[in-house]
Amino acid sequence: MVDMQKQYLLPDARGHFGSYGGIFVAETLMPALEELRVAYEACCKDAAFTAEFEYELRYYVGRPSPIYHAQRLSENLGGAQILLKREDLNHTGAHKVNNCIGQALLAKRMGKPRVIAETGAGQHGVATAAVAARYGFKCVVYMGTEDVKRQAANVYRMKLLGATVVPVESGSKTLKDALNEAMRDWVTNVSDTFYIIGTVAGPHPYPMMVRDFQTVVGKECLTQMTETFGRQPDMVVACVGGGSNAIGIFHPYIPFDDVRLIGVEAAGEGVETGRHAAPLTTNAKVGVLHGNRTYLMQDESGQIIETHSISAGLDYPGVGPEHAWLKDSGRAEYVAVTDDEAIDAFHALCRFEGIIPALESSHALAQAMKVAPTLARDKFLLVCLSGRGDKDMHTVAERSGIRF
Amino acid sequence: MSRIQTTFQQLQAEGRKALITFITAGDPDGESTVPLMRSLVAGGADIIELGVPFSDPMADGPIIQRSSERALAKGMSLARVFDIIRTFRAENATTPVVLMGYANPIEAMGSAVFVDVAKQVGVDGVLVIDYPPEECVEFTSCLRVAGLDQIFLLAPTSSDQRFRDVAQAGSGYLYYVSLKGVTGAARLDFDEVASRIPRIRAVAGMPVGVGFGIRDAEVAKRIGTVADAVVIGSRIVQEIEEGSRERVCDNIETFVRGVRVALDELAGAHL
């Protein structure tokens, strides 16, 4: 098991989580990353920065988000109690905004008037666009043309919020290509531009910084669990694409040895079909992409392969380096849930609790629903309900053969 | 002495500047690459940088991105790039070949295997765009043991201390990226380059080339007044993309010769 003393020193000074993470970028970006690291470290020591971050989370985002006991769902499953950390109630509809506020405050301190972002499902793009409007930044969001088609409502939301959405035509035209294009923009406009990465991937300091901003989720749970339920949960379950909501809720629980941490990847059409987005569950080969070393879905000759998931937010060939490390260390476990299982969980939450979850979060929920009946009724499964499902109406309807 | 060092020494003795040309291996298909390399040499290229295509070329502009996609669509892989070099070496034992690409295909092959095979087929240098010196210490020593040069990029945003650190790790030549941006961008600022290069040369201990955004003989010649080498990539790849299939080799030879002639007009001019 994990050596806890060592745990809290991760990552090392150059962003390594064991053999994962690091800084794998073209030389042009090295000084920009160094500038970012120095600025971020200064902010970490600055009480005024923390105070402003907390103020914004409270009054702009609406935190803390509650933990809700899904009683009817739990009753129906007949086993452990399912508790939902309601990140779907945040302003802009997901956990993404926590990190966007943190990075936007940092951009403000660094005097960068322009922010850019990549987005898959559009949640991070919307959160970035909202925060950019809030602070008066110019905002450009890169989005693969496939995703632009799949997520038309979010594209319009970003435009309403004043952002320019740039469709990305290269490669597989999805999230990974949007990330490539955002990196190219950053390299070109590095002096006046802050790149707000939406997940715990990318070169150091991003995986550490995004984690730190997202740990507000897990820290609230520590308090709320004691206050409302008298103890910590037996299991914490969260979906993993890049892995920012999962790291946010897992990280404060790492020292709690008797709390199992379960990351749920997208099995797409089934891991055995090869059409999935589950690099950790399938023990994919380790490689280098988007500035860090991690488990990566790739072919024999090291080309990144296309991933498949009904949820655009999980449709990513890599995974945050800290998750790679947590997997190897055994502290967290990773499993995968298929499109069909996620859809079933989606409908179940709609019907039993009156909550429409994001398809990403439905993966975590599906895993909890599988496990709950095997456990006693006095066990607690804490699920990170990372976002709401309004954005997924079209996808779910189409799957049921319904057109608007 | 490595082929790269020999090449620079000869050029220096003649007072000439090195012309380094880039194409993507396997673009537009595997069979075209050796004939294209031949044309580059015939036009007067001193060193060939051969791009290893990658699915996610983060540091490249649209022209080289598309060349990578064309090559991958035709099944190009690192193993096949080695076949190409083997074929080229059978007919050309003097022109240095530098492999340029991203870390993942190399790591997928295994770094040690990569270095062994590279050495064996006649590769002279390796430039891995997303390997800053501090992330590839083992790889660097592997290359050193095999006698292969590792070329590193330097950027307009790099500090003087960074120039020194990178120069320490590299060998063969240093590649100064002439602008903030991706390959093929068209905003090269000559004054910026001219002010930076002497500071790099002061700590480099090896030749310094300039690339990214050099698109014609005139700019190449201007850059040649301050640098040891000029690197041209996107402009040549664009010719492969847009030119007629039958005449592409001739067109590229003509273009390269134009740059060569312009650079040689500087012969004898000392830095």
# chains A, B, ... in the order shown; residues from 1 in each chain; ligands from 1

$ interface_residues --of "chain B" --to "chain A" --cutoff "7 Å" --atoms "only C-alpha atoms" --output "MDAnalysis selection string"
chainID B and resid 54:56 58:59 77:78 103:105 107:109 129:132 153:155 157:158 180:182

$ residues_around --residues "Gly233 in chain B" --least-positions-apart "4" --cutoff "7 Å" --atoms "only C-alpha atoms" --output "number ranges by chain"
B: 21-23, 237

$ write_last_selection --atoms "all heavy atoms" --output "CSV table (one decimal), in the first residue's frame"
chain,number,residue,atom,x,y,z
B,21,THR,N,17.4,20.5,-44.8
B,21,THR,CA,16.0,20.5,-45.4
B,21,THR,C,15.2,19.4,-44.7
B,21,THR,O,15.8,18.3,-44.3
B,21,THR,CB,16.1,20.2,-46.9
B,21,THR,OG1,16.9,19.0,-47.1
B,21,THR,CG2,16.7,21.3,-47.7
B,22,PHE,N,13.9,19.6,-44.5
B,22,PHE,CA,13.0,18.7,-43.8
B,22,PHE,C,12.0,18.2,-44.8
B,22,PHE,O,11.4,19.0,-45.5
B,22,PHE,CB,12.4,19.4,-42.6
B,22,PHE,CG,11.3,18.6,-42.0
B,22,PHE,CD1,11.5,17.9,-40.8
B,22,PHE,CD2,10.0,18.6,-42.5
B,22,PHE,CE1,10.5,17.1,-40.2
B,22,PHE,CE2,9.0,17.9,-41.9
B,22,PHE,CZ,9.2,17.1,-40.8
B,23,ILE,N,11.7,16.9,-44.7
B,23,ILE,CA,10.5,16.3,-45.3
B,23,ILE,C,10.0,15.3,-44.3
B,23,ILE,O,10.7,14.8,-43.5
B,23,ILE,CB,10.7,15.7,-46.7
B,23,ILE,CG1,11.8,14.6,-46.7
B,23,ILE,CG2,11.0,16.7,-47.8
B,23,ILE,CD1,11.9,13.8,-48.0
B,237,VAL,N,7.6,20.9,-47.8
B,237,VAL,CA,6.5,19.9,-47.7
B,237,VAL,C,5.2,20.5,-48.4
B,237,VAL,O,4.5,19.7,-49.0
B,237,VAL,CB,6.2,19.8,-46.2
B,237,VAL,CG1,4.9,19.0,-46.0
B,237,VAL,CG2,7.3,19.1,-45.5

$ residues_around --residues "Arg222 in chain B" --least-positions-apart "2" --cutoff "12 Å" --atoms "only C-alpha atoms" --output "NGL selection string"
:B and (17 or 188-191 or 193-194 or 210 or 214-220 or 224-230 or 259 or 262-266)

$ write_last_selection --atoms "N, CA and C atoms" --output "mmCIF file, in the first residue's frame"
data_model
loop_
_atom_site.group_PDB
_atom_site.id
_atom_site.type_symbol
_atom_site.label_atom_id
_atom_site.label_comp_id
_atom_site.auth_asym_id
_atom_site.auth_seq_id
_atom_site.Cartn_x
_atom_site.Cartn_y
_atom_site.Cartn_z
ATOM 1 N N LYS B 17 27.555 28.195 -45.634
ATOM 2 C CA LYS B 17 26.539 27.912 -44.634
ATOM 3 C C LYS B 17 25.860 26.576 -44.939
ATOM 4 N N LEU B 188 8.552 35.497 -39.054
ATOM 5 C CA LEU B 188 9.927 35.519 -38.598
ATOM 6 C C LEU B 188 10.393 36.969 -38.427
ATOM 7 N N ASP B 189 10.977 37.262 -37.283
ATOM 8 C CA ASP B 189 11.469 38.603 -36.996
ATOM 9 C C ASP B 189 12.994 38.554 -37.066
ATOM 10 N N PHE B 190 13.539 39.067 -38.180
ATOM 11 C CA PHE B 190 14.977 38.918 -38.402
ATOM 12 C C PHE B 190 15.799 39.586 -37.299
ATOM 13 N N ASP B 191 15.381 40.777 -36.880
ATOM 14 C CA ASP B 191 16.165 41.492 -35.875
ATOM 15 C C ASP B 191 16.242 40.709 -34.572
ATOM 16 N N VAL B 193 16.042 37.439 -34.312
ATOM 17 C CA VAL B 193 16.965 36.322 -34.537
ATOM 18 C C VAL B 193 18.404 36.823 -34.479
ATOM 19 N N ALA B 194 18.664 37.943 -35.162
ATOM 20 C CA ALA B 194 20.025 38.468 -35.237
ATOM 21 C C ALA B 194 20.565 38.844 -33.862
ATOM 22 N N VAL B 210 18.981 27.861 -37.763
ATOM 23 C CA VAL B 210 17.738 28.588 -37.503
ATOM 24 C C VAL B 210 16.643 28.041 -38.406
ATOM 25 N N ILE B 214 11.125 29.934 -42.372
ATOM 26 C CA ILE B 214 11.984 30.382 -43.477
ATOM 27 C C ILE B 214 11.410 29.802 -44.771
ATOM 28 N N ARG B 215 10.928 30.694 -45.646
ATOM 29 C CA ARG B 215 10.144 30.224 -46.783
ATOM 30 C C ARG B 215 10.766 30.518 -48.148
ATOM 31 N N ASP B 216 11.832 31.310 -48.205
ATOM 32 C CA ASP B 216 12.416 31.558 -49.522
ATOM 33 C C ASP B 216 13.917 31.830 -49.421
ATOM 34 N N ALA B 217 14.548 31.905 -50.595
ATOM 35 C CA ALA B 217 16.000 32.056 -50.673
ATOM 36 C C ALA B 217 16.461 33.357 -50.031
ATOM 37 N N GLU B 218 15.653 34.388 -50.197
ATOM 38 C CA GLU B 218 16.057 35.705 -49.693
ATOM 39 C C GLU B 218 16.157 35.710 -48.171
ATOM 40 N N VAL B 219 15.106 35.169 -47.510
ATOM 41 C CA VAL B 219 15.120 35.105 -46.041
ATOM 42 C C VAL B 219 16.234 34.163 -45.582
ATOM 43 N N ALA B 220 16.395 33.042 -46.304
ATOM 44 C CA ALA B 220 17.441 32.084 -45.950
ATOM 45 C C ALA B 220 18.806 32.775 -45.967
ATOM 46 N N GLY B 224 21.366 33.382 -43.030
ATOM 47 C CA GLY B 224 22.723 32.870 -43.208
ATOM 48 C C GLY B 224 23.806 33.857 -42.792
ATOM 49 N N THR B 225 23.459 35.155 -42.751
ATOM 50 C CA THR B 225 24.464 36.130 -42.317
ATOM 51 C C THR B 225 24.719 36.051 -40.816
ATOM 52 N N VAL B 226 23.789 35.445 -40.068
ATOM 53 C CA VAL B 226 24.000 35.362 -38.615
ATOM 54 C C VAL B 226 24.132 33.932 -38.082
ATOM 55 N N ALA B 227 23.666 32.942 -38.836
ATOM 56 C CA ALA B 227 23.667 31.566 -38.313
ATOM 57 C C ALA B 227 24.597 30.669 -39.124
ATOM 58 N N ASP B 228 24.889 29.475 -38.580
ATOM 59 C CA ASP B 228 25.724 28.505 -39.298
ATOM 60 C C ASP B 228 24.906 27.680 -40.274
ATOM 61 N N ALA B 229 23.614 27.583 -40.009
ATOM 62 C CA ALA B 229 22.772 26.726 -40.843
ATOM 63 C C ALA B 229 21.367 27.288 -40.922
ATOM 64 N N VAL B 230 20.722 26.990 -42.031
ATOM 65 C CA VAL B 230 19.351 27.410 -42.256
ATOM 66 C C VAL B 230 18.510 26.151 -42.432
ATOM 67 N N VAL B 259 17.879 28.161 -53.030
ATOM 68 C CA VAL B 259 18.310 28.541 -51.679
ATOM 69 C C VAL B 259 19.822 28.346 -51.547
ATOM 70 N N ALA B 262 21.722 31.134 -53.200
ATOM 71 C CA ALA B 262 21.640 32.357 -52.389
ATOM 72 C C ALA B 262 22.566 32.269 -51.183
ATOM 73 N N LEU B 263 22.566 31.102 -50.525
ATOM 74 C CA LEU B 263 23.421 30.937 -49.338
ATOM 75 C C LEU B 263 24.889 31.017 -49.716
ATOM 76 N N ASP B 264 25.229 30.439 -50.885
ATOM 77 C CA ASP B 264 26.641 30.407 -51.275
ATOM 78 C C ASP B 264 27.155 31.782 -51.688
ATOM 79 N N GLU B 265 26.215 32.692 -51.953
ATOM 80 C CA GLU B 265 26.662 34.065 -52.215
ATOM 81 C C GLU B 265 27.294 34.692 -50.967
ATOM 82 N N LEU B 266 27.010 34.046 -49.820
ATOM 83 C CA LEU B 266 27.615 34.541 -48.576
ATOM 84 C C LEU B 266 29.004 33.969 -48.348
#

$ select_by_dssp --residues "range 5-55 of chain B" --states "helix (DSSP H, G or I)" --output "list in words"
Gln5, Thr6, Thr7, Phe8, Gln9, Gln10, Leu11, Gln12, Ala13, Gly30, Glu31, Ser32, Thr33, Val34, Pro35, Leu36, Met37, Arg38, Ser39, Leu40, Val41, Ala42 and Gly43 of chain B

$ residues_around --residues "Gly122 in chain B" --least-positions-apart "3" --cutoff "8 Å" --atoms "only C-alpha atoms" --output "ChimeraX atom specification"
/B:85-86,89,97,118-119

$ residues_around --residues "Leu19 in chain B" --least-positions-apart "6" --cutoff "8 Å" --atoms "only C-alpha atoms" --output "list of chain:residue names"
B:Gly44, B:Ala45, B:Asp46, B:Ile47, B:Ala229, B:Val230, B:Val231, B:Ile232, B:Arg260

$ write_last_selection --atoms "C-alpha atoms" --output "PDB file, in the first residue's frame"
ATOM      1  CA  GLY B  44      22.414  21.167 -52.557  1.00  0.00           C
ATOM      2  CA  ALA B  45      21.046  20.203 -49.150  1.00  0.00           C
ATOM      3  CA  ASP B  46      23.815  19.417 -46.653  1.00  0.00           C
ATOM      4  CA  ILE B  47      21.731  17.633 -44.032  1.00  0.00           C
ATOM      5  CA  ALA B 229      22.772  26.726 -40.843  1.00  0.00           C
ATOM      6  CA  VAL B 230      19.351  27.410 -42.256  1.00  0.00           C
ATOM      7  CA  VAL B 231      16.519  24.892 -41.849  1.00  0.00           C
ATOM      8  CA  ILE B 232      13.659  24.775 -44.361  1.00  0.00           C
ATOM      9  CA  ARG B 260      21.737  26.925 -52.054  1.00  0.00           C
TER      10      ARG B 260
END

$ residues_around --residues "Leu89 in chain A" --least-positions-apart "5" --cutoff "10 Å" --atoms "only C-alpha atoms" --output "tab-separated table (two decimals) with N, CA and C atoms, in the first residue's frame"
chain	number	residue	atom	x	y	z
A	61	VAL	N	-20.16	30.24	-7.71
A	61	VAL	CA	-20.46	28.84	-8.05
A	61	VAL	C	-21.62	28.29	-7.22
A	62	GLY	N	-21.75	28.79	-5.99
A	62	GLY	CA	-22.81	28.29	-5.13
A	62	GLY	C	-22.37	27.15	-4.22
A	63	ARG	N	-21.09	27.10	-3.89
A	63	ARG	CA	-20.60	26.04	-3.02
A	63	ARG	C	-20.92	26.34	-1.56
A	64	PRO	N	-20.85	25.40	-0.66
A	64	PRO	CA	-20.56	23.99	-0.93
A	64	PRO	C	-21.75	23.30	-1.60
A	65	SER	N	-21.42	22.31	-2.42
A	65	SER	CA	-22.48	21.50	-3.01
A	65	SER	C	-22.87	20.42	-2.00
A	66	PRO	N	-24.15	20.11	-1.90
A	66	PRO	CA	-24.58	19.14	-0.87
A	66	PRO	C	-24.22	17.69	-1.22
A	94	ALA	N	-21.35	21.73	-13.71
A	94	ALA	CA	-20.40	20.63	-13.48
A	94	ALA	C	-19.27	21.10	-12.57
A	95	HIS	N	-18.41	20.14	-12.20
A	95	HIS	CA	-17.27	20.47	-11.33
A	95	HIS	C	-16.24	21.34	-12.05
A	385	LEU	N	-21.26	13.01	-8.42
A	385	LEU	CA	-22.16	13.33	-9.54
A	385	LEU	C	-21.60	14.61	-10.17
A	386	SER	N	-20.64	14.41	-11.08
A	386	SER	CA	-19.78	15.52	-11.52
A	386	SER	C	-20.49	16.57	-12.35
A	387	GLY	N	-21.61	16.20	-13.00
A	387	GLY	CA	-22.28	17.21	-13.81
A	387	GLY	C	-23.72	16.84	-14.11
A	388	ARG	N	-24.46	17.83	-14.60
A	388	ARG	CA	-25.86	17.56	-14.94
A	388	ARG	C	-26.00	17.20	-16.41

$ closest_atom_pairs --of "range 180-275 of chain A" --to "range 44-51 of chain A" --cutoff "12 Å" --atoms "only C-alpha atoms" --output "Markdown table"
| residue | atom | partner | partner_atom | distance |
| --- | --- | --- | --- | --- |
| A:Met208 | CA | A:Cys44 | CA | 11.8 |
| A:Met209 | CA | A:Cys44 | CA | 9.7 |
| A:Asp212 | CA | A:Cys44 | CA | 9.6 |
| A:Phe213 | CA | A:Thr50 | CA | 10.2 |
| A:Val216 | CA | A:Thr50 | CA | 11.6 |

$ write_last_selection --atoms "N, CA and C atoms" --output "PDB file, in the first residue's frame"
ATOM      1  N   MET A 208      -0.993  19.048 -11.148  1.00  0.00           N
ATOM      2  CA  MET A 208      -0.971  19.374  -9.728  1.00  0.00           C
ATOM      3  C   MET A 208      -1.926  20.527  -9.423  1.00  0.00           C
ATOM      4  N   MET A 209      -1.869  21.544 -10.267  1.00  0.00           N
ATOM      5  CA  MET A 209      -2.654  22.754 -10.047  1.00  0.00           C
ATOM      6  C   MET A 209      -4.158  22.473 -10.185  1.00  0.00           C
ATOM      7  N   ASP A 212      -5.294  20.558  -7.217  1.00  0.00           N
ATOM      8  CA  ASP A 212      -5.427  21.392  -6.015  1.00  0.00           C
ATOM      9  C   ASP A 212      -6.736  22.182  -6.030  1.00  0.00           C
ATOM     10  N   PHE A 213      -7.069  22.753  -7.206  1.00  0.00           N
ATOM     11  CA  PHE A 213      -8.315  23.522  -7.284  1.00  0.00           C
ATOM     12  C   PHE A 213      -9.536  22.611  -7.118  1.00  0.00           C
ATOM     13  N   VAL A 216     -11.383  20.889  -3.530  1.00  0.00           N
ATOM     14  CA  VAL A 216     -12.491  21.466  -2.763  1.00  0.00           C
ATOM     15  C   VAL A 216     -13.647  20.460  -2.679  1.00  0.00           C
TER      16      VAL A 216
END

$ residues_around --residues "Val396 in chain A" --least-positions-apart "6" --cutoff "10 Å" --atoms "only C-alpha atoms" --output "list of chain:residue names"
A:Ile310, A:Ile343, A:Phe346, A:His347, A:Leu359, A:Gly389, A:Ile402

$ decode --residues "range 188-205 of chain B" --atoms "N, CA, C and O atoms" --output "PDB file, in the first residue's frame"
ATOM      1  N   LEU B 188       8.552  35.497 -39.054  1.00  0.00           N
ATOM      2  CA  LEU B 188       9.927  35.519 -38.598  1.00  0.00           C
ATOM      3  C   LEU B 188      10.393  36.969 -38.427  1.00  0.00           C
ATOM      4  O   LEU B 188      10.197  37.799 -39.293  1.00  0.00           O
ATOM      5  N   ASP B 189      10.977  37.262 -37.283  1.00  0.00           N
ATOM      6  CA  ASP B 189      11.469  38.603 -36.996  1.00  0.00           C
ATOM      7  C   ASP B 189      12.994  38.554 -37.066  1.00  0.00           C
ATOM      8  O   ASP B 189      13.661  38.075 -36.158  1.00  0.00           O
ATOM      9  N   PHE B 190      13.539  39.067 -38.180  1.00  0.00           N
ATOM     10  CA  PHE B 190      14.977  38.918 -38.402  1.00  0.00           C
ATOM     11  C   PHE B 190      15.799  39.586 -37.299  1.00  0.00           C
ATOM     12  O   PHE B 190      16.788  39.036 -36.834  1.00  0.00           O
ATOM     13  N   ASP B 191      15.381  40.777 -36.880  1.00  0.00           N
ATOM     14  CA  ASP B 191      16.165  41.492 -35.875  1.00  0.00           C
ATOM     15  C   ASP B 191      16.242  40.709 -34.572  1.00  0.00           C
ATOM     16  O   ASP B 191      17.280  40.678 -33.907  1.00  0.00           O
ATOM     17  N   GLU B 192      15.113  40.085 -34.236  1.00  0.00           N
ATOM     18  CA  GLU B 192      15.060  39.253 -33.027  1.00  0.00           C
ATOM     19  C   GLU B 192      16.070  38.103 -33.154  1.00  0.00           C
ATOM     20  O   GLU B 192      16.854  37.839 -32.250  1.00  0.00           O
ATOM     21  N   VAL B 193      16.042  37.439 -34.312  1.00  0.00           N
ATOM     22  CA  VAL B 193      16.965  36.322 -34.537  1.00  0.00           C
ATOM     23  C   VAL B 193      18.404  36.823 -34.479  1.00  0.00           C
ATOM     24  O   VAL B 193      19.259  36.241 -33.802  1.00  0.00           O
ATOM     25  N   ALA B 194      18.664  37.943 -35.162  1.00  0.00           N
ATOM     26  CA  ALA B 194      20.025  38.468 -35.237  1.00  0.00           C
ATOM     27  C   ALA B 194      20.565  38.844 -33.862  1.00  0.00           C
ATOM     28  O   ALA B 194      21.763  38.732 -33.598  1.00  0.00           O
ATOM     29  N   SER B 195      19.662  39.261 -32.966  1.00  0.00           N
ATOM     30  CA  SER B 195      20.145  39.639 -31.636  1.00  0.00           C
ATOM     31  C   SER B 195      20.367  38.409 -30.749  1.00  0.00           C
ATOM     32  O   SER B 195      21.174  38.441 -29.830  1.00  0.00           O
ATOM     33  N   ARG B 196      19.637  37.330 -31.024  1.00  0.00           N
ATOM     34  CA  ARG B 196      19.738  36.137 -30.178  1.00  0.00           C
ATOM     35  C   ARG B 196      20.898  35.229 -30.540  1.00  0.00           C
ATOM     36  O   ARG B 196      21.543  34.650 -29.666  1.00  0.00           O
ATOM     37  N   ILE B 197      21.126  35.066 -31.850  1.00  0.00           N
ATOM     38  CA  ILE B 197      22.084  34.053 -32.300  1.00  0.00           C
ATOM     39  C   ILE B 197      23.494  34.251 -31.712  1.00  0.00           C
ATOM     40  O   ILE B 197      24.095  33.280 -31.240  1.00  0.00           O
ATOM     41  N   PRO B 198      24.025  35.490 -31.683  1.00  0.00           N
ATOM     42  CA  PRO B 198      25.373  35.632 -31.110  1.00  0.00           C
ATOM     43  C   PRO B 198      25.431  35.172 -29.656  1.00  0.00           C
ATOM     44  O   PRO B 198      26.426  34.591 -29.216  1.00  0.00           O
ATOM     45  N   ARG B 199      24.336  35.416 -28.891  1.00  0.00           N
ATOM     46  CA  ARG B 199      24.320  34.989 -27.490  1.00  0.00           C
ATOM     47  C   ARG B 199      24.291  33.469 -27.380  1.00  0.00           C
ATOM     48  O   ARG B 199      24.835  32.904 -26.431  1.00  0.00           O
ATOM     49  N   ILE B 200      23.641  32.810 -28.341  1.00  0.00           N
ATOM     50  CA  ILE B 200      23.628  31.348 -28.319  1.00  0.00           C
ATOM     51  C   ILE B 200      24.996  30.819 -28.736  1.00  0.00           C
ATOM     52  O   ILE B 200      25.562  29.930 -28.094  1.00  0.00           O
ATOM     53  N   ARG B 201      25.542  31.421 -29.791  1.00  0.00           N
ATOM     54  CA  ARG B 201      26.845  30.957 -30.288  1.00  0.00           C
ATOM     55  C   ARG B 201      27.914  31.072 -29.213  1.00  0.00           C
ATOM     56  O   ARG B 201      28.832  30.253 -29.148  1.00  0.00           O
ATOM     57  N   ALA B 202      27.767  32.086 -28.366  1.00  0.00           N
ATOM     58  CA  ALA B 202      28.759  32.301 -27.320  1.00  0.00           C
ATOM     59  C   ALA B 202      28.833  31.127 -26.347  1.00  0.00           C
ATOM     60  O   ALA B 202      29.873  30.863 -25.760  1.00  0.00           O
ATOM     61  N   VAL B 203      27.715  30.406 -26.174  1.00  0.00           N
ATOM     62  CA  VAL B 203      27.718  29.301 -25.205  1.00  0.00           C
ATOM     63  C   VAL B 203      27.553  27.933 -25.871  1.00  0.00           C
ATOM     64  O   VAL B 203      27.654  26.902 -25.213  1.00  0.00           O
ATOM     65  N   ALA B 204      27.311  27.919 -27.192  1.00  0.00           N
ATOM     66  CA  ALA B 204      26.903  26.679 -27.844  1.00  0.00           C
ATOM     67  C   ALA B 204      28.031  25.646 -27.947  1.00  0.00           C
ATOM     68  O   ALA B 204      27.839  24.482 -27.622  1.00  0.00           O
ATOM     69  N   GLY B 205      29.187  26.068 -28.384  1.00  0.00           N
ATOM     70  CA  GLY B 205      30.270  25.113 -28.621  1.00  0.00           C
ATOM     71  C   GLY B 205      29.972  24.205 -29.792  1.00  0.00           C
ATOM     72  O   GLY B 205      30.586  23.146 -29.961  1.00  0.00           O
TER      73      GLY B 205
END
